[in-house]
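Read the structure below first, then the notes.
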Amino acid sequence: MTDPATPPAKLVCRHVWKLFGARAAEVLADLGPEADGERLQAAGLVPAVRDVTLSVREGEIFVIMGLSGSGKSTLVRLMSRLIEPTAGEILFNGQNLLTASDREMVEIRRHKMGMVFQHFALLPHLSVLDNVAFPLQVQGVARGLREERARAMVALVGLAGREGAMPRQLSGGQQQRVGIARSLAVEPELWFLDEPFSALDPLIRREMQDEFIRLQSVLRKTIVFITHDFDEAIRLADRIAIMKDGAVVQEGTPEEIVLHPATDYVREFTRSVPRAKVVRVARAMRPPEGAAPGVSVAARASVAEAAALFLDGTTVLAATDDAGGVVGHLHRDDVVRLMLGG
Amino acid sequence: MAGRGIAVWALALGLFALVWQVGATALPWAFEVPKGWTLPAARWITGFTKWLLNEASFGLFTFAELTRFIAAVIDVPYRVALSVLSTGVLSGRGSAAIVLLPPLPWLGVALVFALFGLWAGGRALGLLVLGCFVFILAFGQWQSAMVTLASILVAVPMGVAGGVTLGILAWRHPWFSRAIRPVLDLMQTIPVFAYLVPILFLFGFGPTAAVVATLIYAMPPMTRVAELALSRVPAELTDLGRMVGCTPRQMLWRVVVPSARDGLMVGVNQVIMLSLNMVIIASMIGAGGLGFDVLAALRKLDFGAGLEAGLAIVALAVVLDRLSQAAARRRGDPRPGGWLARHPYLAGGVATVLVAVLAGLMVPALQRWPVAWELSTGSFWSRVVEWINVNYFDTIEAVKNAILLNVLVPFKRFLLGLPWIGVAGLLGVAGWRLGGARLAALVAALATLIAVTGQWEKAMITVYLCGISVLFAMIIGVPLGILAAERARLWSVVRIVIDTLQTLPSFVYLMPAVMLFRVGDFTAMIAVIAYAVAPAIRYTVLGLAGVDPRLVEAGRAMGATGVQILWRIRLRLALPEILLGLNQTIMFALSMLVITALVGTRDLGQEVYIALTKADPGRGLVAGLAVAFIAIIADRLIQAAARAARARLGLAEAGA
């Protein structure tokens, strides 16, 4: 599960609040730790994000999942300081963004952050190439250099040959590929994706998720991914934070969340997720005892993947770590129980 | 709630009747504002204008120098445009002038515009543009049309630039938006005549003053449209701008303004159309061209000449309107290749101009449209009117007199006999019931202001003429709208007719009315009805077409007859739209009413017109403001009623 050497945190939120309304900061300071929904409402404030503390580690896909109105889009805008938090700290590479000057923020956003938007946010008057080159143009990069870079990005997302097209001539999926290429053009360290696939048809969404997984296997960016789709979160995430009413109700790996939902609210989401697809062999196996089984499976594989190996009548599999050493045995009965248990 | 409403109205009407019947002797001040109460607003304004002109100073320079400077700045591009299109480049003045360079030949102008049409909207548009120019040429309106075109070509970019600048400021700073909104309201409701006089004072008589007047008239809608278009740019795009680290300037010019392009182009189109609307009125303070021709024809009652010049204005309007709309819709795809390959139309335009100039130098008929090729229908129209007058004079007179004696005169007497304080009070009650205390205070205060500035009697004549005309316009327009809403083919015909009616300069309506009915209130009424019926039809159709078809289906499923569906479902649901149509009809009627002063009404319009001929800025502005107040009272009350109707039907959008 967690690697012994946990990568350092790239982005840390500490007790971040966002309240909409007059004199929000003062009211929040007065209320102190007793600030709850009722008291804030009585003060005429609308809480969008409440006391969120989390950290995004370098190189991981951190998914923030919540239904509409849960505050997830506000949270991602707080992380990039597009919206000013009412209270709290946001540390990026250890630097508190809230104390950065406007000019420093412009520099950080220009060179270290990229963002993909739900409705693509392509500039309607620019071609695909110019849209992708836009962040570089804003920085004042010379035309030749920025177009070369933009061309490479367009090719990376599989749109080579469409550089001259206008956004309206592209399908939704293609438009979002342009949005992705644009956000990558500045080689950001931190990549925000705000519901990037929500506006797409289910089939295209699946295709784009695969494309995203492929890109990430090449790029290894630190990613904050927002979604309202629990299945999408399970599929893509290294770790998930589930939000409700502006607060994080649970944070953990997909496996932890599916197996141990913290509240009834989270349980509702996990109900329809097949356990076998989430649970890894390492968690379902028993300590090795008795004769070594003939067939082996990686301990990090999902139980669903291992299940196919029982089809020929085998009853026990050997679970192996990355080095190939046997770390446990996976019993057929356990797998059946897990799969039938839903 | 309903019971209380009725009680309030009963009480208010009772009080009103009491004041009206008993007050004549007991409270004379309720009927006529005593001398001591009146505000000498007209004198103040005149004094202020004189002070501005003669004494006001900003230290380094005086106010008069400032206006002269503005005039000089506007004059430069105007001279250039006029030289290119109409006069040519001259050396020397007056009759001693020597033509150094001739103006662009008609062939060149027509072809360049046609090429622009081809670029923006394809072959059909190119041919339409060409056809309009040939029409102008054939009726011998070319010289005047080019003078008008020159002033439009100067006024439109300035109006757009100014409007967009104000719109950007309003979008950036909410306080500016709040501050500018009432100013825009006033600028759009004050009749243009009213501010012609101050402009005349400050900028002198001539085309420059006319351009200034056009700018004042055409800029407010651009400002509104720009603010709206900018604020409608999706938040994601501004988020994008900030995420890629745009500076405020990059954000504005590279993200927000280009994204708002479609909306902004609507504003550009508005500026063009309003500038063309102003053409005739602007000719009163020295713009030459087609407007002057129409005005001159109106003064001579030469219907044919006026109609031809008027139609030439329409032709220009059609050209500029369609070109700007097509250019806005055009979705250019970048072409690869060198400059020539990327800009074939631009290169073609330059080549056309060169060829046309050379051809014009060699063949005079291509430089100036020969008189022998000109047509005129002037005498034909004059004969038609003559024939009608000879054969149907008695019938027309009889109809006119019957309506005058039985409808117009009694209504006028009734309105003039009402106590002003009672009317202001009733308006206040209506405002309170419809929109609360603020609306009540606003309408009552505006009505009182009209009274204490000594405009009450003339205002009542305006209300009477406007009211009667609007009534007739609604009686004609709503049933027509109901018919047209159900028959797509009829609607397509009606729509073309009312679109044309709306681009026709309002002066053109006056002429046939005057010729058939001579001067007077009845003539004014006919002209106003003809002008104001268009919005009544349009909004009725819009409202009926907007009714949810599922509700009509539900009605049919319940076994309702066609009449029941119309009366109980469709008209009920279309009521808010129809009310807005009523509002527009009133606004149209008021703007036309001022123009009908030319045919001898005795209302506020006449007051404004007299002030214009006497060059009395105070008198004109006070009367103009009174018209604006009437418009604002009607507008606010009807908007509030429409909002209430919408809320009752559950169609309300928050804050709309």
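Identifiers in the structure tokens: chain A, B, ... in order shown; residue index from 1 per chain; ligand index from 1 in order shown.
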message: So that I can see what lies close to segment 371-384 of chain B, please list as a PyMOL selection string the residues with an atom at most 7 Å from it, counting only C-alpha atoms and leaving out residues fewer than 2 positions away in the same chain.
response: chain B and resi 138-140+303-305+369+386-388
What does the file look like for those residues with C-alpha atoms, as a PDB file, in the first residue's frame?
```
ATOM      1  CA  ALA B 138     -30.781  55.369 -60.211  1.00  0.00           C
ATOM      2  CA  PHE B 139     -32.842  57.795 -58.153  1.00  0.00           C
ATOM      3  CA  GLY B 140     -30.136  60.423 -58.278  1.00  0.00           C
ATOM      4  CA  PHE B 303     -43.954  63.671 -51.039  1.00  0.00           C
ATOM      5  CA  GLY B 304     -42.190  62.057 -53.992  1.00  0.00           C
ATOM      6  CA  ALA B 305     -38.814  63.675 -53.356  1.00  0.00           C
ATOM      7  CA  TRP B 369     -23.570  58.662 -62.686  1.00  0.00           C
ATOM      8  CA  GLU B 386     -53.656  64.508 -55.791  1.00  0.00           C
ATOM      9  CA  TRP B 387     -56.002  61.916 -57.230  1.00  0.00           C
ATOM     10  CA  ILE B 388     -56.932  60.623 -53.775  1.00  0.00           C
TER      11      ILE B 388
END
```
Please report as a Markdown table every residue of chain A lying within 9 Å of chain B, along with the nearest atom pair and their distance in Å (one decimal), using only C-alpha atoms.
```
| residue | atom | partner | partner_atom | distance |
| --- | --- | --- | --- | --- |
| A:Arg77 | CA | B:Asp239 | CA | 8.7 |
| A:Ser80 | CA | B:Met243 | CA | 7.7 |
| A:Leu82 | CA | B:Asp239 | CA | 6.9 |
| A:Met105 | CA | B:Gly245 | CA | 7.9 |
| A:Val106 | CA | B:Gly245 | CA | 4.7 |
| A:Glu107 | CA | B:Gly245 | CA | 6.9 |
| A:Ile108 | CA | B:Gly245 | CA | 8.1 |
| A:Arg109 | CA | B:Met243 | CA | 5.5 |
| A:Arg110 | CA | B:Gly245 | CA | 4.9 |
| A:His111 | CA | B:Val244 | CA | 8.3 |
| A:Met113 | CA | B:Met243 | CA | 7.4 |
| A:Gly114 | CA | B:Met243 | CA | 6.9 |
| A:Met115 | CA | B:Met243 | CA | 6.9 |
| A:Val116 | CA | B:Leu240 | CA | 8.5 |
| A:Phe117 | CA | B:Glu236 | CA | 6.8 |
| A:Gln118 | CA | B:Glu236 | CA | 8.2 |
| A:His119 | CA | B:Glu236 | CA | 7.5 |
| A:Phe120 | CA | B:Glu236 | CA | 8.1 |
| A:Ala121 | CA | B:Leu237 | CA | 5.2 |
| A:Leu122 | CA | B:Leu237 | CA | 7.5 |
| A:Leu123 | CA | B:Ser259 | CA | 6.5 |
| A:Pro124 | CA | B:Ser259 | CA | 6.3 |
| A:His125 | CA | B:Pro258 | CA | 6.6 |
| A:Ser127 | CA | B:Pro334 | CA | 8.1 |
| A:Phe134 | CA | B:Val244 | CA | 8.2 |
| A:Pro135 | CA | B:Val244 | CA | 5.2 |
| A:Leu136 | CA | B:Val244 | CA | 8.3 |
| A:Val138 | CA | B:Cys246 | CA | 6.1 |
| A:Gln139 | CA | B:Gly245 | CA | 7.8 |
| A:Gly164 | CA | B:Pro334 | CA | 7.1 |
| A:Ala165 | CA | B:Asp333 | CA | 7.5 |
| A:Met166 | CA | B:Asp333 | CA | 7.2 |
| A:Ser183 | CA | B:Val244 | CA | 8.4 |
| A:Val186 | CA | B:Val244 | CA | 8.8 |
```
- prompt: Could you name the residues that touch Pro207 of chain B at 10 Å or less, counting only C-alpha atoms, but leaving out those on the same chain fewer than 6 positions away, as a PyMOL selection string?
  reply: chain B and resi 71+74-75+78-79+147-148+151+213+282-283+285-289
- prompt: Can you tell me, as a VMD selection string, what residues are no more than 9 Å from segment 187-191 of chain B when counting only C-alpha atoms, ignoring any on the same chain fewer than 4 positions away?
  reply: chain B and resid 182 to 183 195 216 to 218 220 to 221 587 590 to 591 594 605 608 621 624 to 629 631 to 632
query: Which residues, written as a VMD selection string, have at least one atom at most 12 Å from Arg572 of chain B, with only C-alpha atoms counted and residues fewer than 5 positions away on the same chain left out?
result: chain B and resid 540 543 to 544 546 to 548 551 to 552 564 to 567 577 to 579 642 645 to 646 648 to 649
Quick one: write out the picked residues with N, CA and C atoms as a PDB file, in the first residue's frame?
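Written output follows (out27.pdb):
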```pdb
ATOM      1  N   THR B 540     -46.575  40.684 -29.310  1.00  0.00           N
ATOM      2  CA  THR B 540     -47.685  39.742 -29.184  1.00  0.00           C
ATOM      3  C   THR B 540     -47.286  38.393 -29.772  1.00  0.00           C
ATOM      4  N   GLY B 543     -44.713  36.729 -27.529  1.00  0.00           N
ATOM      5  CA  GLY B 543     -45.304  36.212 -26.302  1.00  0.00           C
ATOM      6  C   GLY B 543     -46.069  34.928 -26.565  1.00  0.00           C
ATOM      7  N   LEU B 544     -46.884  34.910 -27.626  1.00  0.00           N
ATOM      8  CA  LEU B 544     -47.691  33.723 -27.921  1.00  0.00           C
ATOM      9  C   LEU B 544     -46.811  32.560 -28.345  1.00  0.00           C
ATOM     10  N   GLY B 546     -43.906  32.022 -27.315  1.00  0.00           N
ATOM     11  CA  GLY B 546     -43.122  31.553 -26.182  1.00  0.00           C
ATOM     12  C   GLY B 546     -43.918  30.695 -25.207  1.00  0.00           C
ATOM     13  N   VAL B 547     -45.244  30.577 -25.420  1.00  0.00           N
ATOM     14  CA  VAL B 547     -46.050  29.775 -24.494  1.00  0.00           C
ATOM     15  C   VAL B 547     -45.680  28.303 -24.649  1.00  0.00           C
ATOM     16  N   ASP B 548     -45.472  27.655 -23.515  1.00  0.00           N
ATOM     17  CA  ASP B 548     -45.077  26.253 -23.520  1.00  0.00           C
ATOM     18  C   ASP B 548     -46.109  25.410 -24.270  1.00  0.00           C
ATOM     19  N   LEU B 551     -48.537  23.099 -22.433  1.00  0.00           N
ATOM     20  CA  LEU B 551     -49.724  23.623 -21.767  1.00  0.00           C
ATOM     21  C   LEU B 551     -50.894  23.688 -22.739  1.00  0.00           C
ATOM     22  N   VAL B 552     -50.594  24.078 -23.992  1.00  0.00           N
ATOM     23  CA  VAL B 552     -51.640  24.115 -25.006  1.00  0.00           C
ATOM     24  C   VAL B 552     -52.171  22.706 -25.246  1.00  0.00           C
ATOM     25  N   GLN B 564     -61.182  29.042 -26.168  1.00  0.00           N
ATOM     26  CA  GLN B 564     -60.838  28.897 -24.749  1.00  0.00           C
ATOM     27  C   GLN B 564     -59.329  28.787 -24.572  1.00  0.00           C
ATOM     28  N   ILE B 565     -58.691  28.015 -25.469  1.00  0.00           N
ATOM     29  CA  ILE B 565     -57.239  27.870 -25.359  1.00  0.00           C
ATOM     30  C   ILE B 565     -56.573  29.224 -25.531  1.00  0.00           C
ATOM     31  N   LEU B 566     -57.038  29.987 -26.517  1.00  0.00           N
ATOM     32  CA  LEU B 566     -56.438  31.300 -26.756  1.00  0.00           C
ATOM     33  C   LEU B 566     -56.644  32.201 -25.556  1.00  0.00           C
ATOM     34  N   TRP B 567     -57.874  32.257 -25.083  1.00  0.00           N
ATOM     35  CA  TRP B 567     -58.223  33.225 -24.062  1.00  0.00           C
ATOM     36  C   TRP B 567     -57.736  32.813 -22.683  1.00  0.00           C
ATOM     37  N   GLU B 577     -45.230  39.409 -21.866  1.00  0.00           N
ATOM     38  CA  GLU B 577     -44.621  39.863 -23.119  1.00  0.00           C
ATOM     39  C   GLU B 577     -45.464  40.950 -23.763  1.00  0.00           C
ATOM     40  N   ILE B 578     -46.787  40.753 -23.739  1.00  0.00           N
ATOM     41  CA  ILE B 578     -47.661  41.741 -24.370  1.00  0.00           C
ATOM     42  C   ILE B 578     -47.532  43.072 -23.632  1.00  0.00           C
ATOM     43  N   LEU B 579     -47.365  42.998 -22.314  1.00  0.00           N
ATOM     44  CA  LEU B 579     -47.166  44.238 -21.549  1.00  0.00           C
ATOM     45  C   LEU B 579     -45.872  44.918 -21.974  1.00  0.00           C
ATOM     46  N   ALA B 642     -45.457  43.953 -15.514  1.00  0.00           N
ATOM     47  CA  ALA B 642     -45.040  42.750 -16.229  1.00  0.00           C
ATOM     48  C   ALA B 642     -44.335  41.798 -15.264  1.00  0.00           C
ATOM     49  N   ALA B 645     -46.896  40.151 -13.168  1.00  0.00           N
ATOM     50  CA  ALA B 645     -47.612  39.123 -13.932  1.00  0.00           C
ATOM     51  C   ALA B 645     -46.753  37.883 -14.070  1.00  0.00           C
ATOM     52  N   ARG B 646     -45.474  38.106 -14.318  1.00  0.00           N
ATOM     53  CA  ARG B 646     -44.567  36.988 -14.491  1.00  0.00           C
ATOM     54  C   ARG B 646     -44.425  36.198 -13.200  1.00  0.00           C
ATOM     55  N   ARG B 648     -46.636  36.009 -10.873  1.00  0.00           N
ATOM     56  CA  ARG B 648     -47.885  35.290 -10.644  1.00  0.00           C
ATOM     57  C   ARG B 648     -47.918  33.997 -11.450  1.00  0.00           C
ATOM     58  N   LEU B 649     -47.326  34.033 -12.643  1.00  0.00           N
ATOM     59  CA  LEU B 649     -47.341  32.854 -13.505  1.00  0.00           C
ATOM     60  C   LEU B 649     -46.182  31.916 -13.188  1.00  0.00           C
TER      61      LEU B 649
END
```
task: Pick out the closest residue to Leu338 of chain A from this set: A:Ala319, A:Ala301, A:Val281, A:Val295. Count only C-alpha atoms.
output: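 Ranked by minimum distance to Leu338 of chain A, first place goes to A:Val281.
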field: Who sits within 9 Å of Ala170 of chain B, only C-alpha atoms, same chain under 4 positions skipped, as a PyMOL selection string
entry: chain B and resi 165-166+174-180+223-224+227
Quick one: write out the picked residues with N, CA and C atoms as an mmCIF file, in the first residue's frame?
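Here's the written file result.cif:
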```cif
data_model
loop_
_atom_site.group_PDB
_atom_site.id
_atom_site.type_symbol
_atom_site.label_atom_id
_atom_site.label_comp_id
_atom_site.auth_asym_id
_atom_site.auth_seq_id
_atom_site.Cartn_x
_atom_site.Cartn_y
_atom_site.Cartn_z
ATOM 1 N N THR B 165 -15.642 51.682 -24.257
ATOM 2 C CA THR B 165 -14.840 52.184 -23.136
ATOM 3 C C THR B 165 -15.706 52.336 -21.885
ATOM 4 N N LEU B 166 -16.860 52.990 -22.050
ATOM 5 C CA LEU B 166 -17.751 53.153 -20.899
ATOM 6 C C LEU B 166 -18.235 51.792 -20.397
ATOM 7 N N PRO B 174 -18.312 48.373 -10.262
ATOM 8 C CA PRO B 174 -19.767 48.399 -10.026
ATOM 9 C C PRO B 174 -20.276 49.801 -9.713
ATOM 10 N N TRP B 175 -19.485 50.611 -9.022
ATOM 11 C CA TRP B 175 -19.964 51.960 -8.689
ATOM 12 C C TRP B 175 -20.188 52.767 -9.951
ATOM 13 N N PHE B 176 -19.314 52.578 -10.930
ATOM 14 C CA PHE B 176 -19.468 53.319 -12.179
ATOM 15 C C PHE B 176 -20.732 52.863 -12.897
ATOM 16 N N SER B 177 -20.953 51.550 -12.875
ATOM 17 C CA SER B 177 -22.156 51.011 -13.503
ATOM 18 C C SER B 177 -23.402 51.618 -12.872
ATOM 19 N N ARG B 178 -23.418 51.677 -11.524
ATOM 20 C CA ARG B 178 -24.580 52.242 -10.832
ATOM 21 C C ARG B 178 -24.740 53.721 -11.164
ATOM 22 N N ALA B 179 -23.598 54.424 -11.251
ATOM 23 C CA ALA B 179 -23.663 55.869 -11.490
ATOM 24 C C ALA B 179 -24.146 56.173 -12.896
ATOM 25 N N ILE B 180 -23.777 55.336 -13.849
ATOM 26 C CA ILE B 180 -24.031 55.673 -15.242
ATOM 27 C C ILE B 180 -25.423 55.243 -15.690
ATOM 28 N N THR B 223 -22.982 51.117 -24.792
ATOM 29 C CA THR B 223 -22.470 50.984 -23.432
ATOM 30 C C THR B 223 -23.160 49.833 -22.709
ATOM 31 N N ARG B 224 -24.489 49.808 -22.800
ATOM 32 C CA ARG B 224 -25.237 48.739 -22.135
ATOM 33 C C ARG B 224 -24.861 47.376 -22.682
ATOM 34 N N GLU B 227 -21.382 46.280 -21.566
ATOM 35 C CA GLU B 227 -21.308 45.840 -20.178
ATOM 36 C C GLU B 227 -21.913 44.444 -20.029
#
```
- request: From segment 18-81 of chain A, collect each residue whose DSSP state is strand (DSSP E or B) and return the set as a ChimeraX atom specification.
  value: /A:18-20,46-57,61-65
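Using only C-alpha atoms, the smallest distance between any of A:Glu232, A:Glu38, A:Glu211, A:Asp321 and Gly173 of chain A comes from A:Glu211.
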